[in-house]
Amino acid sequence: MDRHRPALTRRWALLLALAPLAFLGLFFLWPVANILALGLAPGGHWEPGTVVDTWRQPFVLDIVLFTLALAGLSTLLTVLLGMPAAWVFARFDFPAKRVLRALTVVPFVLPTVVVGAAFLALLGPRSPINAVGELLFGANVPQVRLDGSVGAILLAHVFYNIAVIIRMVGGMWAHVDPRTEEAARMLGASPARAFREVTWPLLRPAVISAASIVFLFTVTSFGVVLLLGSPRDTTLEVEIYRQTAILLDLPTAAALTILQMSGVLVLLLASARAQERLSIQQRLRSASETVRRPRPGRERAIVAVVLAATLAFMVTPLLILVERSLAGPAGYGVDAYGALLGEDPRMRLTSAPWHAVVDSLTFAAATTLIAGTLGVLAAAVVGYRRGWLVRGLDALIMLPLGTSAVIVGFGFLVSLDTPPLDLRTSVLLIPIAHALIALPFVMRAVVPVIRSIDDHLREAAAVLGASPARTWREVDGPILARGALVGAGFAFAVSLGEFGATLFIARPDSITIPVAIFRLLGQPGASNFAAAMSLSVVLMVLTATAVLLIERLRGSGPQPF
Amino acid sequence: MLQLEGLSAAYDDADVLRHISLVVPAGQLLCVLGPSGSGKSTLLRVIAGLEVPTAGSVHLDGRDLVGVPPHERDVGLMFQDYALFPHRDVGENVAFGLRMQGQGTAARRHRVTELLELVGLPGAERRSVSQLSGGEQQRVALARALATSPRLLMLDEPMGSLDRSLRERLPDELRTIFSQLGLTVIYVTHDQDEALGVADRVVLLNEGRLVADGTPEELWTTPPDEWTARFLGFRNIAPGWINHGSLQTPWGDLPAEAAAAAGMTAAEVAETAAAETAAADAGSADSIDAASAVTVVLRPGSLVADAAGPIAGRVSARRFRGDHVLLLVEVPDAPLLHVEARDGELPAVGAAIRLAVLPGGAHVIAGQSALPFVT
């Protein structure tokens, strides 16, 4: 659109950008600067050597290698297992496709703690496998335990991120002209060769883009590793938490944070470069043109098997989670849910778990307000304008997501402790941290909506006699409002599930559901495990409701990511 | 030689092709003509092996192709919009099939040069596909499809997205190339001018059925039924009766010579129609002598102003069409007549006019169809 006339003047854009910029400066850049200072200038004088000394310690190399290997393997597995499903959803039409596709997103939006708890239920000491074993062979049968293994973490990572592959690669695949592959077949290429020579090169940019997002998520994965990993298996993220919260060695934590942030930055740049280099100009087809019913026989069977396997993989851990929450010592019942209402000293929580539910919902509401307002302001600037301000603001808002929640929490801990910015005891601390993490989601939800508003609509309104302000109110306003609602839904869901940052900054007397689940899982006893399971189910239902509402509101509009 | 026998295909239980039987001799350029949704593309895809037929067989040079995967059929297909590989340059696109055959680099390069010369794009090897114009893309797609010298070449709406001047010029170039190579070609289009201009033989497809088959001249001069006549662009179509040597139409009674020069003489038509009527209604023998129902097609270029002509009407509109002027003539209780006026004084809109039909200007089709009476 060369003749695009910005619907927002430069002056207004700067004015609107002010609040998000101030927010990010105060609550992200300032804390990060404090972490840098802590690492590079411990004790107040400039000593960058100490950071390098920390990096040189042998345990750091082990952690870095383990982190990279874990993320690399997780990404590889996710891509391999996600591609068949991406293909099926992109190329074929089948009954209940919309519902099934919505279902594949559920794990991705679940809080990490719920995913961790689900895999603990599936693979841990109280798994159905062991229950059956005990039933058959008595209580002395050796237990099968897969938790505390790298395998469990890998499985949970694939479970969590497979939706990214299905959505992003499948989204591209649906628009690749199937005739290019057919043309290759007509020229003598076997199906495998046609895929390798034609479809794969056309999909590669989308695969790299999706894989780098998965890699980023798994490199900074915190809750899953903390819950499912053994103490030996430490990633950078977990080690930063351990150094800060358990060993209280802040300079080491700062040095590791600097290492991780630089790594993530390099990764983001490399991925952007790779996408630019590999991107191919191709004529995209509308998705409705490329889908078809699978042909009876072999094709239908393959599609059915891929769908069944994918959905089974995505649904089983969640079903087991529900099953475990209902399984008491005396058969099935809702005892574990009843226990959430009362105070049980064995839980070692300061108050009954239902308080955590109330607090979580309150925090989520506050987060929605903060992130919703700031996100819409930022989205207006990014969506209506272009140029350096847009690129800068966009990158700045995405940064907290890239730097990981643990770093956000750690930053808060080391920077917001001196007047006038002493927020250590403020109830606002958690919503602010959550808003920082939710902002990218809100912006990503609203910007495409703004950009999708056809200029012709505005022109049509103007020609019909609407003033510029009236045009904005009549055309942009209603469309924007829907986008804002979707963004607010995201903020709510993100806040409900946020774990890494909250673990750093939550006060003992006011904790969120994920933190409560984590604490319950850390306590011995069957009743605590059951309470953790039931609280996870509560969190899952809350998040799923929020996400379903988002899907409802969004309808068939443009997708974020 | 391509032989199709009772070929049927269906998508989601809806029939797309119904019992197509067709023999295409080697070296023939066959056009498959039909409206969109008639099953033309599906026919190509079934022959190519990209769709599985529900019934019937496909033989190419005696080889049964059922169950043979597309890449082993030795059939070339040029897709609508060409489906060039966007991640490969022109040379790599053309060489793709050769590479699949395992030909060496030198042989490939030689063949690519040869083909690009043949299609009029010499030296375009290193150009990017996205920089090509529509016409150039079509040439590259053609070169790519020709590279492996397939036994049969199929083109799906090859002029589909080209602008008018190219659409008029390129079919001739294609014809030249095909006859140079002696290729067997199936050419699919929805454009009757293109089909009639390029083909040795045209078959018409409607709702998955073959409804007409003949040379372009045959189809144009004697469309076998009303649907074909309408699809080929004839507008002056109405039910008529042959009665005592004259052709009764809603526009007026025409002399028998009007239809005489057509494929059938008026007498022959009357005979056929009468025989059919008799067969359908054996009880009333006197219906033979009564009116015989036919469908009359008047060619717009064979209608001329003539003060003594049998058709009396009023000019309701005049439209400039370049080499002629189209007159729309209203005749009471009859379909609007399209008349191509080429020379002479043009009547004014609203003027009364009398028209005569040149000999052979009327084509009669046996029987009256159930198609709605279009005015």
# chains A, B, ... in the order shown; residues from 1 in each chain; ligands from 1
>>> interface_residues(of="chain A", to="chain B", cutoff="10 Å", atoms="only C-alpha atoms", output="MDAnalysis selection string")
chainID A and resid 177:191 193:194 197:199 201:202 278:283 292:296
>>> residues_around(residues="Asp335 of chain A", least_positions_apart="6", cutoff="10 Å", atoms="only C-alpha atoms", output="PyMOL selection string")
chain A and resi 325-329+527+530-531+534
>>> select_by_dssp(residues="segment 10-175 of chain A", states="helix (DSSP H, G or I)", output="JSON, numbers by chain")
{"A": [10, 11, 12, 13, 14, 15, 16, 17, 18, 19, 20, 21, 22, 23, 24, 25, 26, 27, 28, 29, 30, 31, 32, 33, 34, 35, 36, 37, 38, 39, 40, 42, 43, 44, 49, 50, 51, 52, 53, 54, 55, 56, 58, 59, 60, 61, 62, 63, 64, 65, 66, 67, 68, 69, 70, 71, 72, 73, 74, 75, 76, 77, 78, 79, 80, 81, 82, 83, 84, 85, 86, 87, 88, 89, 90, 91, 97, 98, 99, 100, 101, 102, 103, 104, 105, 106, 107, 108, 109, 112, 113, 114, 115, 116, 117, 118, 119, 120, 121, 122, 123, 128, 129, 130, 131, 132, 133, 134, 135, 136, 137, 150, 151, 152, 153, 154, 155, 156, 157, 158, 159, 160, 161, 162, 163, 164, 165, 166, 167, 168, 169, 170, 171, 172, 173]}
>>> residues_around(residues="segment 346-360 of chain B", least_positions_apart="2", cutoff="10 Å", atoms="only C-alpha atoms", output="ChimeraX atom specification")
/B:221,251-252,254-265,298-318,325,327-331,339,341-344,362-363
>>> select_by_dssp(residues="segment 80-282 of chain B", states="strand (DSSP E)", output="ChimeraX atom specification")
/B:152-156,184-189,201-206,209-214,236-243,246-249,252-255
>>> atom_distance(atom1="atom CA of Val446 of chain A", atom2="atom CA of Leu103 of chain A")
22.9 Å
>>> residues_around(residues="Asn161 of chain A", least_positions_apart="3", cutoff="12 Å", atoms="only C-alpha atoms", output="MDAnalysis selection string")
chainID A and resid 71 74:82 104:110 112 115 154:158 164:168 210:218 221 314
>>> write_last_selection(atoms="C-alpha atoms", output="short mmCIF file (atom, residue, chain, number, x, y, z; two decimals), in the first residue's frame")
data_model
loop_
_atom_site.label_atom_id
_atom_site.label_comp_id
_atom_site.auth_asym_id
_atom_site.auth_seq_id
_atom_site.Cartn_x
_atom_site.Cartn_y
_atom_site.Cartn_z
CA ALA A 71 16.02 -27.36 23.74
CA SER A 74 12.76 -30.85 22.18
CA THR A 75 12.52 -28.68 19.07
CA LEU A 76 13.51 -31.51 16.76
CA LEU A 77 10.96 -33.86 18.31
CA THR A 78 8.25 -31.21 18.23
CA VAL A 79 8.85 -30.51 14.54
CA LEU A 80 8.97 -34.21 13.65
CA LEU A 81 5.78 -35.03 15.54
CA GLY A 82 4.03 -31.81 14.55
CA THR A 104 -4.74 -28.76 19.51
CA VAL A 105 -4.18 -25.27 20.90
CA VAL A 106 -5.31 -26.20 24.40
CA PRO A 107 -1.92 -27.52 25.65
CA PHE A 108 -0.13 -24.43 24.36
CA VAL A 109 -2.26 -22.08 26.42
CA LEU A 110 -2.16 -24.22 29.55
CA THR A 112 3.39 -24.74 32.49
CA VAL A 115 1.48 -29.37 32.01
CA LEU A 154 11.07 -33.83 26.32
CA LEU A 155 7.56 -35.29 26.20
CA ALA A 156 6.11 -32.33 28.09
CA HIS A 157 7.94 -29.89 25.78
CA VAL A 158 6.57 -31.59 22.69
CA VAL A 164 3.11 -23.90 17.38
CA ILE A 165 4.15 -26.26 14.58
CA ILE A 166 0.58 -27.20 13.69
CA ARG A 167 -0.51 -23.58 13.57
CA MET A 168 2.50 -21.91 11.98
CA ALA A 210 8.18 -22.04 14.05
CA ALA A 211 11.19 -24.08 15.19
CA SER A 212 13.01 -21.00 16.44
CA ILE A 213 9.96 -20.04 18.48
CA VAL A 214 9.80 -23.56 19.94
CA PHE A 215 13.55 -23.45 20.60
CA LEU A 216 13.15 -20.11 22.36
CA PHE A 217 10.30 -21.45 24.49
CA THR A 218 12.20 -24.58 25.43
CA SER A 221 11.33 -23.35 29.84
CA MET A 314 -2.53 -34.19 23.40
#
>>> residues_around(residues="segment 487-491 of chain A", least_positions_apart="3", cutoff="6 Å", atoms="only C-alpha atoms", output="PyMOL selection string")
chain A and resi 368+372+438+442+445+484+494+550
>>> write_last_selection(atoms="N, CA and C atoms", output="tab-separated table (two decimals), in the first residue's frame")
chain	number	residue	atom	x	y	z
A	368	THR	N	-5.12	-7.64	33.30
A	368	THR	CA	-5.89	-7.37	32.10
A	368	THR	C	-6.06	-5.87	31.90
A	372	GLY	N	-4.03	-4.57	28.99
A	372	GLY	CA	-5.02	-4.24	27.98
A	372	GLY	C	-4.88	-2.80	27.53
A	438	ALA	N	2.39	-10.25	29.43
A	438	ALA	CA	1.17	-10.34	28.62
A	438	ALA	C	1.17	-9.32	27.48
A	442	VAL	N	-1.05	-9.17	23.88
A	442	VAL	CA	-2.11	-8.21	23.60
A	442	VAL	C	-1.80	-7.48	22.30
A	445	ALA	N	-2.23	-9.47	19.24
A	445	ALA	CA	-3.64	-9.76	18.92
A	445	ALA	C	-4.30	-8.56	18.26
A	484	ALA	N	-9.33	-5.60	20.89
A	484	ALA	CA	-8.92	-5.29	22.26
A	484	ALA	C	-9.46	-6.33	23.23
A	494	VAL	N	-2.76	-15.36	30.33
A	494	VAL	CA	-1.32	-15.34	30.63
A	494	VAL	C	-1.11	-15.14	32.13
A	550	ILE	N	-11.87	-16.23	23.99
A	550	ILE	CA	-11.06	-15.53	22.98
A	550	ILE	C	-11.41	-16.05	21.59
>>> atom_distance(atom1="atom CA of Leu15 of chain A", atom2="atom CA of Glu459 of chain A")
25.7 Å
>>> atom_distance(atom1="atom CA of Ser36 of chain B", atom2="atom CA of Val297 of chain B")
24.2 Å
>>> closest_residue(among="B:Leu196, B:Met159, B:Val140, B:Val211", to="Leu22 of chain B", atoms="only C-alpha atoms")
B:Val211
>>> residues_around(residues="Arg424 of chain A", least_positions_apart="3", cutoff="10 Å", atoms="only C-alpha atoms", output="list in words")
Phe412, Leu413, Val414, Ser415, Leu416, Asp417, Thr418, Leu421, Val427, Leu428, Leu429, Ile505, Ala506 and Arg507 of chain A
>>> residues_around(residues="Thr215 of chain B", least_positions_apart="4", cutoff="8 Å", atoms="only C-alpha atoms", output="number ranges by chain")
B: 199-202, 219
>>> decode(residues="segment 330-343 of chain B", atoms="N, CA and C atoms", output="compact mmCIF listing (two decimals), in the first residue's frame")
# COMPACT_ATOMS: atom_id res chain seq x y z
N GLU B 330 -36.30 -6.40 -32.18
CA GLU B 330 -37.46 -6.97 -31.49
C GLU B 330 -38.49 -7.42 -32.52
N VAL B 331 -38.88 -8.67 -32.40
CA VAL B 331 -39.95 -9.20 -33.24
C VAL B 331 -41.07 -9.60 -32.29
N PRO B 332 -42.30 -9.17 -32.55
CA PRO B 332 -43.37 -9.47 -31.61
C PRO B 332 -43.49 -10.97 -31.32
N ASP B 333 -43.63 -11.33 -30.05
CA ASP B 333 -43.81 -12.72 -29.61
C ASP B 333 -42.68 -13.64 -30.04
N ALA B 334 -41.48 -13.10 -30.13
CA ALA B 334 -40.35 -13.94 -30.53
C ALA B 334 -39.11 -13.49 -29.75
N PRO B 335 -38.09 -14.38 -29.65
CA PRO B 335 -36.87 -13.96 -28.94
C PRO B 335 -36.20 -12.79 -29.66
N LEU B 336 -35.50 -11.98 -28.90
CA LEU B 336 -34.75 -10.85 -29.44
C LEU B 336 -33.75 -11.38 -30.48
N LEU B 337 -33.70 -10.74 -31.65
CA LEU B 337 -32.79 -11.19 -32.71
C LEU B 337 -31.48 -10.42 -32.66
N HIS B 338 -30.36 -11.14 -32.71
CA HIS B 338 -29.05 -10.49 -32.81
C HIS B 338 -28.65 -10.47 -34.27
N VAL B 339 -28.39 -9.28 -34.78
CA VAL B 339 -28.06 -9.13 -36.20
C VAL B 339 -26.72 -8.42 -36.32
N GLU B 340 -25.80 -9.01 -37.08
CA GLU B 340 -24.51 -8.34 -37.30
C GLU B 340 -24.59 -7.56 -38.60
N ALA B 341 -24.60 -6.24 -38.51
CA ALA B 341 -24.65 -5.41 -39.71
C ALA B 341 -23.23 -5.00 -40.06
N ARG B 342 -22.78 -5.34 -41.27
CA ARG B 342 -21.39 -5.07 -41.63
C ARG B 342 -21.24 -3.87 -42.55
N ASP B 343 -22.20 -3.66 -43.45
CA ASP B 343 -22.06 -2.49 -44.31
C ASP B 343 -23.44 -1.98 -44.66
